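As provided, structure-v9.csv (CSV, C-alpha atoms) reads as follows.
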chain,number,residue,atom,x,y,z
A,96,MET,CA,-76.7,-0.5,-49.9
A,97,ARG,CA,-74.2,2.4,-49.9
A,98,PRO,CA,-72.7,3.2,-46.5
A,99,ASN,CA,-73.4,6.6,-45.0
A,100,GLY,CA,-70.6,9.0,-46.2
A,101,ARG,CA,-70.5,10.8,-42.9
A,102,HIS,CA,-70.2,7.6,-40.9
A,103,THR,CA,-67.3,6.4,-43.2
A,104,ALA,CA,-65.5,9.8,-42.7
A,105,GLY,CA,-66.0,9.7,-39.0
A,106,ALA,CA,-64.6,6.1,-38.7
A,107,THR,CA,-61.6,7.2,-40.8
A,108,GLN,CA,-60.9,10.2,-38.6
A,109,LEU,CA,-61.3,8.0,-35.5
A,110,SER,CA,-58.8,5.5,-36.9
A,111,ALA,CA,-56.3,8.4,-37.6
A,112,LEU,CA,-56.7,9.7,-34.1
A,113,ARG,CA,-55.9,6.3,-32.7
A,114,VAL,CA,-52.8,6.0,-34.8
A,115,TRP,CA,-51.7,9.5,-33.7
A,116,ALA,CA,-52.3,8.7,-30.0
A,117,MET,CA,-50.3,5.5,-30.2
A,118,GLY,CA,-47.5,7.3,-31.9
A,119,LEU,CA,-47.5,10.0,-29.2
A,120,LEU,CA,-47.4,7.3,-26.4
A,121,LEU,CA,-44.5,5.6,-28.1
A,122,LEU,CA,-42.6,8.9,-28.3
A,123,SER,CA,-43.3,9.7,-24.7
A,124,ALA,CA,-42.1,6.3,-23.6
A,125,VAL,CA,-38.8,6.8,-25.4
A,126,ALA,CA,-38.4,10.3,-24.0
A,127,MET,CA,-39.0,9.1,-20.4
A,128,SER,CA,-36.8,6.0,-20.6
A,129,PRO,CA,-33.7,6.4,-18.3
A,130,ALA,CA,-30.3,6.7,-19.8
A,131,PRO,CA,-28.4,3.4,-19.8
A,132,ALA,CA,-26.9,2.7,-16.4
A,133,ASN,CA,-23.1,2.0,-16.1
A,134,ALA,CA,-22.3,3.7,-19.3
A,135,ALA,CA,-18.7,2.9,-20.2
A,136,PRO,CA,-16.2,5.7,-20.6
A,137,SER,CA,-15.0,6.7,-24.1
A,138,GLN,CA,-11.9,5.1,-25.6
A,139,ALA,CA,-9.9,8.3,-25.3
A,140,GLN,CA,-10.9,8.7,-21.6
A,141,ALA,CA,-10.0,5.0,-20.9
A,142,ALA,CA,-6.7,5.2,-22.7
A,143,THR,CA,-5.4,8.1,-20.5
A,144,THR,CA,-6.5,6.3,-17.3
A,145,HIS,CA,-4.7,3.8,-15.2
A,146,VAL,CA,-6.2,1.7,-12.3
A,147,TYR,CA,-3.8,0.3,-9.7
A,148,LEU,CA,-5.2,-2.7,-7.8
A,149,LEU,CA,-3.4,-3.6,-4.6
A,150,ARG,CA,-3.8,-7.1,-3.2
A,151,GLY,CA,-3.4,-8.0,0.5
A,152,VAL,CA,-0.6,-9.7,2.4
A,153,LEU,CA,-0.9,-13.0,0.5
A,154,ASN,CA,-1.6,-12.9,-3.2
A,155,ILE,CA,-3.9,-15.9,-3.0
A,156,PHE,CA,-6.8,-14.2,-1.1
A,157,SER,CA,-7.3,-11.0,-3.1
A,158,LEU,CA,-8.0,-12.6,-6.5
A,159,GLY,CA,-11.3,-10.8,-6.8
A,160,LEU,CA,-9.1,-7.8,-7.8
A,161,ASP,CA,-7.9,-9.8,-10.8
A,162,THR,CA,-11.5,-10.2,-11.9
A,163,ILE,CA,-12.2,-6.5,-11.5
A,164,GLY,CA,-9.0,-5.8,-13.5
A,165,ALA,CA,-10.0,-8.1,-16.3
A,166,ARG,CA,-13.4,-6.5,-16.6
A,167,LEU,CA,-11.8,-3.0,-16.8
A,168,GLN,CA,-9.4,-4.2,-19.4
A,169,ALA,CA,-12.3,-5.5,-21.5
A,170,GLN,CA,-13.5,-1.8,-21.4
A,171,GLY,CA,-10.1,-0.7,-22.6
A,172,VAL,CA,-9.0,0.6,-19.2
A,173,PRO,CA,-5.3,-0.1,-18.5
A,174,VAL,CA,-4.7,-1.8,-15.1
A,175,THR,CA,-1.9,-3.0,-12.8
A,176,VAL,CA,-2.6,-5.7,-10.2
A,177,ALA,CA,0.2,-6.0,-7.6
A,178,ASN,CA,0.8,-6.8,-4.0
A,179,PHE,CA,0.4,-3.9,-1.5
A,180,VAL,CA,4.1,-3.9,-0.7
A,181,SER,CA,4.7,-2.4,-4.2
A,182,TRP,CA,2.7,0.8,-3.4
A,183,SER,CA,5.7,3.1,-3.3
A,184,SER,CA,7.2,2.0,-6.6
A,185,LEU,CA,3.8,2.0,-8.2
A,186,ALA,CA,3.4,5.6,-7.1
A,187,ASP,CA,6.7,6.6,-8.7
A,188,GLU,CA,5.6,4.8,-11.9
A,189,ALA,CA,2.3,6.6,-12.0
A,190,ALA,CA,3.9,10.0,-11.3
A,191,THR,CA,6.3,9.5,-14.1
A,192,ALA,CA,3.6,8.6,-16.6
A,193,TYR,CA,1.4,11.5,-15.4
A,194,LYS,CA,4.1,14.1,-15.8
A,195,ALA,CA,5.0,12.8,-19.2
A,196,GLY,CA,1.4,13.3,-20.2
A,197,ARG,CA,0.6,9.7,-20.7
A,198,LEU,CA,-1.9,9.6,-17.8
A,199,LYS,CA,-4.6,12.0,-16.9
A,200,THR,CA,-6.6,9.9,-14.4
A,201,ILE,CA,-5.2,7.8,-11.7
A,202,ILE,CA,-7.5,5.4,-9.7
A,203,LEU,CA,-6.5,3.2,-6.8
A,204,VAL,CA,-8.3,0.1,-5.4
A,205,GLY,CA,-7.1,-2.1,-2.6
A,206,HIS,CA,-8.3,-5.1,-0.6
A,207,SER,CA,-7.3,-5.8,3.1
A,208,SER,CA,-3.7,-4.6,3.6
A,209,GLY,CA,-3.9,-3.3,0.1
A,210,ALA,CA,-6.7,-1.0,1.3
A,211,THR,CA,-4.7,-0.1,4.3
A,212,ALA,CA,-1.8,1.1,2.0
A,213,LEU,CA,-4.0,3.4,-0.1
A,214,PRO,CA,-3.6,6.5,2.1
A,215,ASP,CA,0.2,6.1,1.9
A,216,MET,CA,0.1,5.8,-1.8
A,217,ILE,CA,-2.2,8.8,-2.1
A,218,ALA,CA,0.1,10.9,0.2
A,219,LYS,CA,3.2,10.0,-1.9
A,220,LEU,CA,1.5,10.9,-5.2
A,221,ASN,CA,0.2,14.2,-3.7
A,222,GLN,CA,3.8,15.0,-2.6
A,223,LEU,CA,4.9,14.4,-6.2
A,224,GLY,CA,2.3,16.8,-7.4
A,225,VAL,CA,0.1,14.1,-8.8
A,226,PRO,CA,-3.7,14.1,-8.2
A,227,VAL,CA,-5.7,10.9,-7.5
A,228,LYS,CA,-9.2,10.9,-9.0
A,229,LEU,CA,-10.6,8.0,-7.0
A,230,ALA,CA,-9.5,5.5,-4.3
A,231,ILE,CA,-11.6,2.5,-3.2
A,232,GLY,CA,-10.6,0.4,-0.2
A,233,LEU,CA,-12.2,-3.0,0.5
A,234,ASP,CA,-12.1,-3.8,4.2
A,235,SER,CA,-8.9,-2.1,5.4
A,236,VAL,CA,-7.5,-4.0,8.4
A,237,PHE,CA,-5.8,-1.2,10.2
A,238,LYS,CA,-7.1,2.1,11.7
A,239,THR,CA,-6.3,4.5,9.0
A,240,ARG,CA,-6.3,8.2,9.0
A,241,LEU,CA,-6.5,10.0,5.6
A,242,SER,CA,-4.4,13.2,5.8
A,243,THR,CA,-4.1,13.9,2.1
A,244,GLY,CA,-6.8,13.1,-0.2
A,245,ALA,CA,-8.0,11.7,-3.5
A,246,GLU,CA,-10.9,13.7,-5.1
A,247,ARG,CA,-13.1,10.9,-3.7
A,248,TYR,CA,-12.2,8.1,-1.3
A,249,ILE,CA,-14.6,5.2,-0.7
A,250,ASN,CA,-13.9,2.8,2.1
A,251,ILE,CA,-16.2,-0.3,1.9
A,252,TYR,CA,-15.8,-2.2,5.1
A,253,ILE,CA,-17.5,-4.8,7.3
A,254,GLY,CA,-18.3,-3.1,10.6
A,255,ASP,CA,-18.5,-6.3,12.7
A,256,GLY,CA,-15.4,-7.8,11.1
A,257,PRO,CA,-11.7,-7.0,10.9
A,258,GLY,CA,-12.3,-4.0,8.7
A,259,GLU,CA,-12.1,-0.4,10.0
A,260,PRO,CA,-13.6,2.9,8.9
A,261,VAL,CA,-11.1,5.5,7.6
A,262,ARG,CA,-10.9,8.7,9.6
A,263,ALA,CA,-10.3,12.1,8.1
A,264,ALA,CA,-7.4,14.1,9.4
A,265,GLN,CA,-7.9,17.8,10.0
A,266,GLY,CA,-7.8,19.8,6.8
A,267,LEU,CA,-8.5,16.9,4.6
A,268,ARG,CA,-9.4,17.9,1.0
A,269,GLY,CA,-11.6,15.6,-1.1
A,270,LYS,CA,-14.7,13.5,-0.2
A,271,LEU,CA,-14.5,10.6,2.1
A,272,ASP,CA,-17.2,8.0,2.2
A,273,ASN,CA,-17.2,5.1,4.7
A,274,VAL,CA,-19.7,2.3,3.6
A,275,ASP,CA,-20.5,-0.4,6.2
A,276,VAL,CA,-21.7,-3.6,4.5
A,277,ARG,CA,-22.3,-5.7,7.7
A,278,GLY,CA,-25.3,-8.0,7.5
A,279,THR,CA,-25.0,-8.5,3.8
A,280,GLY,CA,-23.3,-11.9,4.1
A,281,VAL,CA,-20.0,-10.6,2.8
A,282,GLY,CA,-16.9,-11.7,4.6
A,283,HIS,CA,-13.3,-10.3,4.7
A,284,ILE,CA,-12.0,-12.9,2.3
A,285,SER,CA,-15.0,-12.7,0.0
A,286,ILE,CA,-15.6,-9.0,-0.2
A,287,ASP,CA,-13.4,-8.5,-3.3
A,288,LYS,CA,-15.0,-11.5,-5.0
A,289,ASN,CA,-18.7,-10.5,-4.3
A,290,GLU,CA,-20.5,-9.8,-7.5
A,291,ALA,CA,-22.5,-6.8,-6.2
A,292,ILE,CA,-19.3,-5.2,-4.7
A,293,GLN,CA,-17.4,-5.7,-7.9
A,294,ARG,CA,-20.2,-4.1,-9.9
A,295,ARG,CA,-20.2,-1.1,-7.6
A,296,VAL,CA,-16.4,-0.8,-7.8
A,297,ILE,CA,-16.5,-0.9,-11.6
A,298,ALA,CA,-19.4,1.6,-11.7
A,299,GLU,CA,-17.6,4.0,-9.5
A,300,ILE,CA,-14.5,3.7,-11.6
A,301,ASP,CA,-16.4,4.3,-14.8
A,302,ALA,CA,-18.1,7.3,-13.3
A,303,ALA,CA,-14.8,8.8,-12.2
A,304,ILE,CA,-13.2,8.3,-15.6
A,305,MET,CA,-16.2,10.0,-17.3
A,306,ARG,CA,-15.7,13.0,-14.9
A,307,SER,CA,-12.0,13.1,-15.7
A,308,ARG,CA,-12.4,16.3,-17.8
A,309,ALA,CA,-13.2,18.2,-14.6
A,310,PRO,CA,-10.3,20.0,-12.9
A,311,ALA,CA,-8.5,17.9,-10.4
A,312,LEU,CA,-8.2,19.0,-6.8
A,313,PRO,CA,-4.9,20.8,-5.8
A,314,VAL,CA,-2.3,18.5,-4.3
A,315,ALA,CA,0.4,19.1,-1.7
A,316,GLU,CA,3.4,21.0,-2.9
A,317,ARG,CA,6.4,18.9,-3.9
A,318,GLY,CA,8.5,18.1,-0.9
A,319,ALA,CA,5.8,18.9,1.6
A,320,PRO,CA,6.3,17.0,4.9
A,321,ARG,CA,4.4,13.8,5.4
A,322,GLN,CA,2.1,13.9,8.4
A,323,ALA,CA,0.6,10.4,8.3
A,324,ARG,CA,2.6,7.5,9.7
A,325,SER,CA,3.1,4.6,7.3
A,326,ALA,CA,0.0,2.4,7.6
A,327,ALA,CA,1.4,-0.2,5.3
A,328,ALA,CA,4.5,-0.6,7.5
A,329,THR,CA,2.4,-1.2,10.6
A,330,ALA,CA,-0.4,-3.3,9.0
A,331,PRO,CA,-1.1,-6.6,10.8
A,332,ALA,CA,-0.4,-9.8,8.9
A,333,ARG,CA,-3.9,-10.3,7.7
A,334,ASN,CA,-5.2,-10.6,4.2
Final structure tokens representation of the file:
Amino acid sequence: MRPNGRHTAGATQLSALRVWAMGLLLLSAVAMSPAPANAAPSQAQAATTHVYLLRGVLNIFSLGLDTIGARLQAQGVPVTVANFVSWSSLADEAATAYKAGRLKTIILVGHSSGATALPDMIAKLNQLGVPVKLAIGLDSVFKTRLSTGAERYINIYIGDGPGEPVRAAQGLRGKLDNVDVRGTGVGHISIDKNEAIQRRVIAEIDAAIMRSRAPALPVAERGAPRQARSAAATAPARN
């Protein structure tokens, strides 16, 4: 018995419609999928960036910065990990490379007393006419006032521990964010080693590098008087 021609044609059209609908759904799913998170910066952007990571008083307690540094190096981002007492010489080194055109993006990260020293390093770089794209402090142990700024300064601290919020001085340029992580189970000695904190630090650094084509904020004129007292010199002997 021959099948009805109209029935066969209708079934064929229905099958075609189903295929078309499935294809449309697949295309819609691809279009609505979010862009990959934590996209890494390009090789060119990474090559003209340098991240300075400042450990605390004793080099044995801020080793989470070494892990962050290793992960950044795996992305092709040059890093320097050093004790916080080296902040002034590191600022000179960064300024020389920036003025020679080898660096376009300078990023600072510090833990404990290394975080306390960040405003001083930023101030010196600004006085040398060098902008700082991003600074991230992890549980600064001294009441710190930010008188000159990075484009963005993130202070991650434990509000019920030794860490302190960073306060903005009058006329501060740049964005200051104080992030209190109390109640998360993170401690002063472990904050730099915490996986979630490390991921956030690296994500913020990657985002800053990818924004590096944007004009930097103006910095203080060369030789401008320094208003903030040296936090590093008065930091308590904690790590």
Open item on the list: I want to know what sits within 12 Å of segment 278-280 of chain A, based on only C-alpha atoms, with residues of the same chain fewer than 5 positions away left out; could you give that as a list in words?
Closed with: Tyr252, Ile253, Gly254, Asp255, Gly256, Ser285, Ile286, Asn289, Ala291 and Ile292 of chain A
Open item on the list: Just want the 8 Å neighbourhood of segment 199-213 of chain A, counted on all atoms listed in the file, with same-chain residues fewer than 2 positions away dropped. Output as number ranges by chain.
Closed with: A: 143-152, 157, 160, 178-179, 182, 189, 193, 196-197, 215-217, 226-237, 239, 258, 283, 287, 300, 304, 307, 326-327, 330-331, 333-334
Okay, now the selection with C-alpha atoms, as a PDB file, in the frame of the given file?
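Okay, this is what ended up in part-v2.pdb:
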ATOM      1  CA  THR A 143      -5.400   8.100 -20.500  1.00  0.00           C
ATOM      2  CA  THR A 144      -6.500   6.300 -17.300  1.00  0.00           C
ATOM      3  CA  HIS A 145      -4.700   3.800 -15.200  1.00  0.00           C
ATOM      4  CA  VAL A 146      -6.200   1.700 -12.300  1.00  0.00           C
ATOM      5  CA  TYR A 147      -3.800   0.300  -9.700  1.00  0.00           C
ATOM      6  CA  LEU A 148      -5.200  -2.700  -7.800  1.00  0.00           C
ATOM      7  CA  LEU A 149      -3.400  -3.600  -4.600  1.00  0.00           C
ATOM      8  CA  ARG A 150      -3.800  -7.100  -3.200  1.00  0.00           C
ATOM      9  CA  GLY A 151      -3.400  -8.000   0.500  1.00  0.00           C
ATOM     10  CA  VAL A 152      -0.600  -9.700   2.400  1.00  0.00           C
ATOM     11  CA  SER A 157      -7.300 -11.000  -3.100  1.00  0.00           C
ATOM     12  CA  LEU A 160      -9.100  -7.800  -7.800  1.00  0.00           C
ATOM     13  CA  ASN A 178       0.800  -6.800  -4.000  1.00  0.00           C
ATOM     14  CA  PHE A 179       0.400  -3.900  -1.500  1.00  0.00           C
ATOM     15  CA  TRP A 182       2.700   0.800  -3.400  1.00  0.00           C
ATOM     16  CA  ALA A 189       2.300   6.600 -12.000  1.00  0.00           C
ATOM     17  CA  TYR A 193       1.400  11.500 -15.400  1.00  0.00           C
ATOM     18  CA  GLY A 196       1.400  13.300 -20.200  1.00  0.00           C
ATOM     19  CA  ARG A 197       0.600   9.700 -20.700  1.00  0.00           C
ATOM     20  CA  ASP A 215       0.200   6.100   1.900  1.00  0.00           C
ATOM     21  CA  MET A 216       0.100   5.800  -1.800  1.00  0.00           C
ATOM     22  CA  ILE A 217      -2.200   8.800  -2.100  1.00  0.00           C
ATOM     23  CA  PRO A 226      -3.700  14.100  -8.200  1.00  0.00           C
ATOM     24  CA  VAL A 227      -5.700  10.900  -7.500  1.00  0.00           C
ATOM     25  CA  LYS A 228      -9.200  10.900  -9.000  1.00  0.00           C
ATOM     26  CA  LEU A 229     -10.600   8.000  -7.000  1.00  0.00           C
ATOM     27  CA  ALA A 230      -9.500   5.500  -4.300  1.00  0.00           C
ATOM     28  CA  ILE A 231     -11.600   2.500  -3.200  1.00  0.00           C
ATOM     29  CA  GLY A 232     -10.600   0.400  -0.200  1.00  0.00           C
ATOM     30  CA  LEU A 233     -12.200  -3.000   0.500  1.00  0.00           C
ATOM     31  CA  ASP A 234     -12.100  -3.800   4.200  1.00  0.00           C
ATOM     32  CA  SER A 235      -8.900  -2.100   5.400  1.00  0.00           C
ATOM     33  CA  VAL A 236      -7.500  -4.000   8.400  1.00  0.00           C
ATOM     34  CA  PHE A 237      -5.800  -1.200  10.200  1.00  0.00           C
ATOM     35  CA  THR A 239      -6.300   4.500   9.000  1.00  0.00           C
ATOM     36  CA  GLY A 258     -12.300  -4.000   8.700  1.00  0.00           C
ATOM     37  CA  HIS A 283     -13.300 -10.300   4.700  1.00  0.00           C
ATOM     38  CA  ASP A 287     -13.400  -8.500  -3.300  1.00  0.00           C
ATOM     39  CA  ILE A 300     -14.500   3.700 -11.600  1.00  0.00           C
ATOM     40  CA  ILE A 304     -13.200   8.300 -15.600  1.00  0.00           C
ATOM     41  CA  SER A 307     -12.000  13.100 -15.700  1.00  0.00           C
ATOM     42  CA  ALA A 326       0.000   2.400   7.600  1.00  0.00           C
ATOM     43  CA  ALA A 327       1.400  -0.200   5.300  1.00  0.00           C
ATOM     44  CA  ALA A 330      -0.400  -3.300   9.000  1.00  0.00           C
ATOM     45  CA  PRO A 331      -1.100  -6.600  10.800  1.00  0.00           C
ATOM     46  CA  ARG A 333      -3.900 -10.300   7.700  1.00  0.00           C
ATOM     47  CA  ASN A 334      -5.200 -10.600   4.200  1.00  0.00           C
TER      48      ASN A 334
END
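Computed from the coordinates, the atom CA of Arg166 of chain A to atom CA of Asp301 of chain A distance equals 11.4 Å.
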TODO: Kindly give the distance, in Å, that separates atom CA of Ser184 of chain A and atom CA of Ala245 of chain A, rounded to a single decimal.
DONE: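 Result for atom CA of Ser184 of chain A versus atom CA of Ala245 of chain A: 18.3 Å, one decimal.
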Open item on the list: For a quick check of understanding, using all atoms listed in the file, which of A:Gly282, A:Pro257, A:Gly224, A:Pro214 has the smallest distance to Arg240 of chain A?
Closed with: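 The closest residue to Arg240 of chain A is A:Pro214.
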Open item on the list: One decimal, in Å: what's the spacing between atom CA of Lys270 of chain A and atom CA of Gly159 of chain A?
Closed with: 25.4 Å
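When the distance limit is 12 Å and only C-alpha atoms are what count, the residues near Ala165 of chain A, minus those fewer than 2 positions from it on the same chain, are Val146, Leu148, Leu158, Gly159, Leu160, Asp161, Thr162, Ile163, Leu167, Gln168, Ala169, Gln170, Gly171, Val172, Pro173, Val174, Thr175, Val176, Gln293 and Ile297 of chain A.
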Task: A:Met305, A:Leu220, A:Ala139, A:Ala177 ranked by distance to Ile155 of chain A, top pick (using only C-alpha atoms) - done: A:Ala177
Task: Among listed residues A:Gln222, A:Val261, A:Gln140, A:Asn154, nearest Leu198 of chain A (using only C-alpha atoms) - done: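 Closest candidate: A:Gln140.
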Task: Residue nearest Gly269 of chain A among A:Glu246, A:Glu290, A:Asp187, A:Glu299 (counting only C-alpha atoms) - done: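 Using only C-alpha atoms, Gly269 of chain A sits closest to A:Glu246.
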TODO: Would you please work out which residue, of A:Val276, A:Val281, A:Ala190, A:Ile251, is nearest to Val296 of chain A when using all atoms listed in the file?
DONE: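 When distances to Val296 of chain A are compared using all atoms listed in the file, the smallest one comes from A:Ile251.
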Open item on the list: Restricting the calculation to all atoms listed in the file: of A:Gly244, A:Ile284, A:Ala218, A:Gly164, which residue gets closest to Ala186 of chain A?
Closed with: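 Comparing A:Gly244, A:Ile284, A:Ala218, A:Gly164 against Ala186 of chain A, the winner is A:Ala218.
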